[in-house]
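Pasted below: protein-v4.cif, mmCIF, C-alpha atoms.
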data_start
loop_
_atom_site.label_atom_id
_atom_site.label_comp_id
_atom_site.auth_asym_id
_atom_site.auth_seq_id
_atom_site.Cartn_x
_atom_site.Cartn_y
_atom_site.Cartn_z
CA MET A 1 0.00 0.00 0.00
CA GLN A 2 1.03 3.58 -0.49
CA VAL A 3 0.84 5.99 2.44
CA LYS A 4 1.28 9.74 2.49
CA ILE A 5 3.10 11.34 5.39
CA ALA A 6 2.87 15.02 6.33
CA LEU A 7 6.09 16.52 7.68
CA PHE A 8 6.60 19.45 10.04
CA GLY A 9 9.37 21.42 11.73
CA ILE A 10 12.77 19.81 11.80
CA THR A 11 11.58 16.62 10.07
CA LYS A 12 10.56 18.72 7.08
CA GLU A 13 14.11 20.07 6.92
CA ILE A 14 15.77 16.67 7.41
CA ILE A 15 13.68 15.02 4.70
CA GLY A 16 13.66 18.10 2.48
CA SER A 17 9.92 18.14 1.73
CA SER A 18 6.60 18.78 3.45
CA LYS A 19 5.13 15.50 2.19
CA LEU A 20 6.44 12.01 1.62
CA LYS A 21 4.93 8.99 -0.15
CA TYR A 22 5.98 5.55 1.02
CA GLU A 23 5.30 2.10 -0.31
CA LEU A 24 4.71 -0.23 2.65
CA GLY A 25 3.69 -3.86 2.98
CA GLU A 26 0.07 -4.67 3.82
CA ASN A 27 -0.58 -4.54 7.56
CA ALA A 28 2.48 -2.37 8.15
CA ASP A 29 2.27 -0.68 11.53
CA VAL A 30 3.57 2.54 13.06
CA ASN A 31 6.77 0.85 14.22
CA ASN A 32 7.53 -0.42 10.70
CA LEU A 33 7.09 3.07 9.30
CA LEU A 34 9.30 4.69 11.95
CA GLU A 35 12.02 2.09 11.37
CA ARG A 36 11.95 2.72 7.62
CA LEU A 37 12.07 6.49 8.09
CA LYS A 38 14.96 6.32 10.56
CA ALA A 39 16.88 4.00 8.21
CA ASP A 40 16.31 6.22 5.17
CA TYR A 41 16.95 9.47 7.06
CA PRO A 42 19.45 8.69 9.85
CA ALA A 43 19.33 12.28 11.17
CA LEU A 44 15.86 11.42 12.52
CA GLN A 45 17.55 9.10 15.03
CA ASN A 46 19.14 12.09 16.78
CA LEU A 47 15.85 13.74 17.73
CA ASN A 48 14.62 13.83 21.33
CA SER A 49 11.46 12.03 20.27
CA LEU A 50 9.67 11.04 17.09
CA LEU A 51 5.99 10.13 17.04
CA ILE A 52 3.42 9.30 14.41
CA ALA A 53 -0.05 10.83 14.34
CA ILE A 54 -2.88 9.09 12.52
CA ASN A 55 -6.00 11.11 11.73
CA ASP A 56 -5.08 13.89 14.18
CA GLU A 57 -4.35 11.50 17.08
CA TYR A 58 -1.06 10.20 18.50
CA ALA A 59 -0.68 6.58 17.38
CA GLN A 60 0.56 3.55 19.30
CA ALA A 61 3.57 1.60 17.99
CA GLU A 62 1.48 -1.43 17.00
CA GLN A 63 -1.28 0.54 15.29
CA VAL A 64 -1.75 -0.77 11.73
CA LEU A 65 -1.69 1.79 8.92
CA SER A 66 -4.10 2.06 6.02
CA GLU A 67 -3.96 3.98 2.74
CA GLN A 68 -6.82 6.24 3.79
CA ASP A 69 -5.09 7.40 6.96
CA GLU A 70 -3.85 10.95 7.31
CA ILE A 71 -0.39 10.26 8.67
CA ALA A 72 1.97 12.86 10.13
CA LEU A 73 5.46 12.66 11.56
CA ILE A 74 5.65 14.55 14.86
CA PRO A 75 9.09 15.71 16.11
CA PRO A 76 9.42 17.12 19.67
CA VAL A 77 6.65 19.69 20.13
CA CYS A 78 7.34 23.10 21.53
CA GLY A 79 4.35 25.41 21.52
CA GLY A 80 3.58 28.26 23.87
CA MET B 1 -12.75 30.00 21.38
CA VAL B 2 -9.98 27.55 20.47
CA THR B 3 -7.98 28.52 17.37
CA ILE B 4 -4.70 28.84 15.53
CA THR B 5 -4.13 32.16 13.78
CA GLU B 6 -1.50 33.81 11.61
CA ALA B 7 -2.71 37.28 12.58
CA PRO B 8 -1.64 39.08 15.77
CA ILE B 9 -3.70 37.85 18.72
CA ASN B 10 -6.20 40.37 20.04
CA THR B 11 -5.92 39.79 23.80
CA GLN B 12 -9.03 41.86 24.58
CA GLU B 13 -11.10 39.64 22.28
CA VAL B 14 -9.81 36.51 24.01
CA ILE B 15 -10.70 37.96 27.41
CA ALA B 16 -14.13 39.06 26.18
CA ALA B 17 -14.76 35.50 24.95
CA VAL B 18 -14.62 34.14 28.52
CA GLN B 19 -16.64 36.83 30.27
CA ALA B 20 -19.56 35.24 32.12
CA ASP B 21 -22.06 36.45 34.72
CA GLY B 22 -21.13 33.56 37.00
CA ALA B 23 -17.43 34.39 36.89
CA GLY B 24 -15.69 35.97 39.86
CA ALA B 25 -12.29 35.65 38.22
CA ILE B 26 -10.74 35.72 34.78
CA ASN B 27 -7.17 34.50 34.58
CA VAL B 28 -5.12 35.27 31.47
CA PHE B 29 -1.81 33.78 30.39
CA ILE B 30 0.14 35.43 27.57
CA GLY B 31 3.18 33.65 26.20
CA THR B 32 5.47 36.18 24.53
CA VAL B 33 8.59 36.06 22.37
CA ARG B 34 11.71 36.58 24.49
CA ASN B 35 14.75 38.38 23.10
CA GLN B 36 17.30 35.76 24.13
CA THR B 37 17.93 32.08 24.79
CA GLN B 38 20.73 31.24 27.23
CA ALA B 39 22.19 34.72 26.78
CA LYS B 40 22.18 34.42 22.98
CA PRO B 41 20.17 37.19 21.27
CA VAL B 42 17.08 35.95 19.38
CA VAL B 43 16.12 37.91 16.27
CA GLN B 44 12.80 36.21 15.44
CA LEU B 45 10.74 33.09 16.19
CA ASP B 46 9.03 31.06 13.49
CA PHE B 47 6.08 28.97 14.67
CA GLU B 48 4.74 26.08 12.65
CA ALA B 49 1.59 24.11 13.48
CA TYR B 50 -0.19 20.96 12.33
CA ASP B 51 -3.39 22.99 12.37
CA SER B 52 -6.13 20.35 12.44
CA MET B 53 -4.48 18.23 15.12
CA ALA B 54 -3.29 21.24 17.11
CA VAL B 55 -6.83 22.63 17.38
CA LYS B 56 -8.17 19.19 18.29
CA LYS B 57 -5.55 18.78 21.03
CA MET B 58 -6.12 22.31 22.39
CA GLN B 59 -9.86 21.59 22.57
CA GLU B 60 -9.17 18.31 24.40
CA ILE B 61 -7.00 20.16 26.93
CA ALA B 62 -9.73 22.77 27.43
CA ASP B 63 -12.24 19.94 27.98
CA GLN B 64 -9.91 18.24 30.48
CA ALA B 65 -9.62 21.51 32.38
CA LYS B 66 -13.41 21.87 32.40
CA ALA B 67 -13.68 18.39 33.92
CA LYS B 68 -11.22 19.29 36.72
CA TRP B 69 -12.27 22.85 37.61
CA PRO B 70 -15.61 24.71 37.65
CA ILE B 71 -14.81 26.66 34.50
CA GLN B 72 -17.41 29.05 33.14
CA LYS B 73 -15.62 29.65 29.84
CA VAL B 74 -12.18 28.99 28.39
CA ALA B 75 -10.33 30.37 25.37
CA VAL B 76 -7.04 29.22 23.83
CA VAL B 77 -5.53 31.05 20.86
CA HIS B 78 -2.11 30.18 19.43
CA ARG B 79 -0.35 32.13 16.73
CA LYS B 80 1.86 30.71 13.98
CA GLY B 81 4.19 32.13 11.37
CA PRO B 82 7.04 34.59 11.91
CA LEU B 83 6.85 36.41 15.28
CA GLN B 84 8.94 39.31 16.52
CA ILE B 85 10.31 40.00 20.02
CA GLY B 86 7.45 40.90 22.36
CA ASP B 87 4.70 39.39 20.20
CA ALA B 88 2.13 37.17 21.91
CA ALA B 89 2.54 33.57 20.74
CA VAL B 90 -0.30 32.19 22.84
CA VAL B 91 -3.14 33.67 24.89
CA ILE B 92 -5.17 31.56 27.31
CA ALA B 93 -8.11 32.91 29.29
CA VAL B 94 -10.18 31.06 31.89
CA SER B 95 -13.18 32.28 33.87
CA THR B 96 -14.27 30.61 37.10
CA PRO B 97 -16.47 31.55 40.07
CA HIS B 98 -13.42 31.99 42.37
CA ARG B 99 -9.83 32.95 41.62
CA LYS B 100 -7.88 29.87 42.78
CA ALA B 101 -9.42 27.60 40.15
CA SER B 102 -8.74 30.12 37.39
CA PHE B 103 -5.00 30.20 38.25
CA GLU B 104 -4.78 26.42 38.46
CA ALA B 105 -6.73 25.78 35.26
CA CYS B 106 -4.72 28.35 33.30
CA GLU B 107 -1.44 26.81 34.43
CA PHE B 108 -2.66 23.31 33.60
CA ILE B 109 -3.67 24.40 30.11
CA ILE B 110 -0.36 26.06 29.18
CA ASP B 111 1.73 23.26 30.74
CA THR B 112 -0.22 20.56 28.89
CA LEU B 113 -0.28 22.54 25.64
CA LYS B 114 3.51 22.66 25.66
CA GLN B 115 3.69 18.88 26.06
CA VAL B 116 1.15 17.59 23.56
CA VAL B 117 0.00 20.18 21.00
CA PRO B 118 1.80 19.75 17.64
CA ILE B 119 3.32 23.20 17.34
CA TRP B 120 7.01 23.84 16.71
CA LYS B 121 9.20 26.90 17.01
CA LYS B 122 12.43 27.81 15.35
CA GLU B 123 14.67 30.36 17.02
CA ILE B 124 16.38 32.60 14.51
CA PHE B 125 19.72 33.98 15.71
CA GLU B 126 22.01 36.41 13.92
CA ASP B 127 24.24 33.51 12.90
CA GLY B 128 21.80 30.66 12.38
CA ALA B 129 18.60 28.98 13.50
CA VAL B 130 17.56 26.12 15.80
CA TRP B 131 14.34 24.09 16.13
CA VAL B 132 13.66 24.35 19.87
CA ALA B 133 13.72 21.08 21.89
CA ALA B 134 14.47 18.96 18.82
CA HIS B 135 17.79 17.60 20.03
CA PRO B 136 19.13 16.47 23.44
#
Can the structure from this file be put into structure tokens for me?
Amino acid sequence: MQVKIALFGITKEIIGSSKLKYELGENADVNNLLERLKADYPALQNLNSLLIAINDEYAQAEQVLSEQDEIALIPPVCGG
Amino acid sequence: MVTITEAPINTQEVIAAVQADGAGAINVFIGTVRNQTQAKPVVQLDFEAYDSMAVKKMQEIADQAKAKWPIQKVAVVHRKGPLQIGDAAVVIAVSTPHRKASFEACEFIIDTLKQVVPIWKKEIFEDGAVWVAAHP
């Protein structure tokens, strides 16, 4: 399946784009996606934290992805 | 009132949004852009937000506060885009019947916002820029 990932803040700079399309195996989960991203973009490994949001909600590591999901990569947040 | 805006935040409007006849207190927190970080002069701050999720999370925090304190009304407005020294980045207003709850609720909202709302800031220095909190 193909998933689209929205990128923000420092992850946008590391990856060099505000969006990313990834081809993943069926039943790929959040952990699989994070492992792929960290392998393809090693600078992501140096961040304080790196989370995935699915449909505007923080996702658990074992949550399975689907093509319809709105997926975002969330580096350490820092509002206020 | 729970929003993200690119325009300057009108603090009076945020306060007006929480006025209520049952309120004996309105507590307001304004987060502003400081001119330095660890003694290094800051020229500008750039805020970026994942708008849809940020608004959803801010609303959830407001709802959590309402469940913990007798809040009459609550407003949370966060700005994004390029901000200058002294600009308000966030304004939070809470009205409650008595003052103690308004202080506590306001503090809870800003503390939780900083931990969970997907908003990022980049500090621009004269000689470079850093995404705040990104690295150890």
Only residues of chain B matter here; which ones have an atom within 7 Å of chain A, counting all atoms listed in the file? Give them as a list in words.
Gly31, Glu48, Ser52, Met53, Ala89, Val90, Ile110, Leu113, Lys114, Gln115, Val116, Val117, Pro118, Ile119, Trp120, Lys121, Trp131, Val132, Ala133, Ala134, His135 and Pro136 of chain B
Could you please determine the separation between atom CA of B:Ala20 and atom CA of B:Pro97 in Å, to one decimal place?
9.3 Å
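Selection check: the PyMOL selection byres ((chain A and resi 25-28) around 8) on the shown file gives Met1, Glu23, Leu24, Asp29, Val30, Asn32, Leu33, Val64, Leu65 and Ser66 of chain A.
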Residues matched by the PyMOL selection byres ((chain B and resi 14) around 10) as a PyMOL selection string:
chain B and resi 1-2+9-13+15-19+28+74-77+91-94
Show me as a PyMOL selection string the residues that reach within 6 Å of (-16.5, 29.1, 36.1), counting all atoms listed in the file and using the file's own coordinates.
chain B and resi 23+70-72+95-97
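If you look at atom CA of A:Ile71 and atom CA of A:Ser18, they are 12.2 Å away from each other.
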Tell me which residues the PyMOL selection byres ((chain B and resi 103-108) around 7) grabs here, as JSON, numbers by chain.
{"B": [27, 29, 65, 69, 92, 93, 94, 99, 100, 101, 102, 109, 110, 111, 112]}
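Atom CA of B:His78 sits 4.9 Å away from atom CA of B:Ile4.
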Option closest in space to A:Glu70, from A:Leu34, A:Ala39, A:Leu20, A:Ile14 [counting only C-alpha atoms]:
A:Leu20
Nearest to B:Thr3 among B:Ala67, B:Ala39, B:Ile30, B:Ala54, with distances taken over all atoms listed in the file: which residue is it?
B:Ala54
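If you measure from each of B:Ile85, B:Val33, B:Gln38, B:Gln44 to B:Glu123 using all atoms listed in the file, the closest one turns out to be B:Gln44.
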Compute the distance from (8.3, 6.9, 1.7) to each atom, counting all atoms listed in the file, keep the residues with any atom at most 10 Å away, and return them as a ChimeraX atom specification; use the coordinates of the file.
/A:2-5,19-24,33,36-37,40
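Among A:Gln68, A:Ala59, A:Ala43, A:Ile52, the residue with the shortest atom-to-atom distance to A:Gly16, counting all atoms listed in the file, is A:Ala43.
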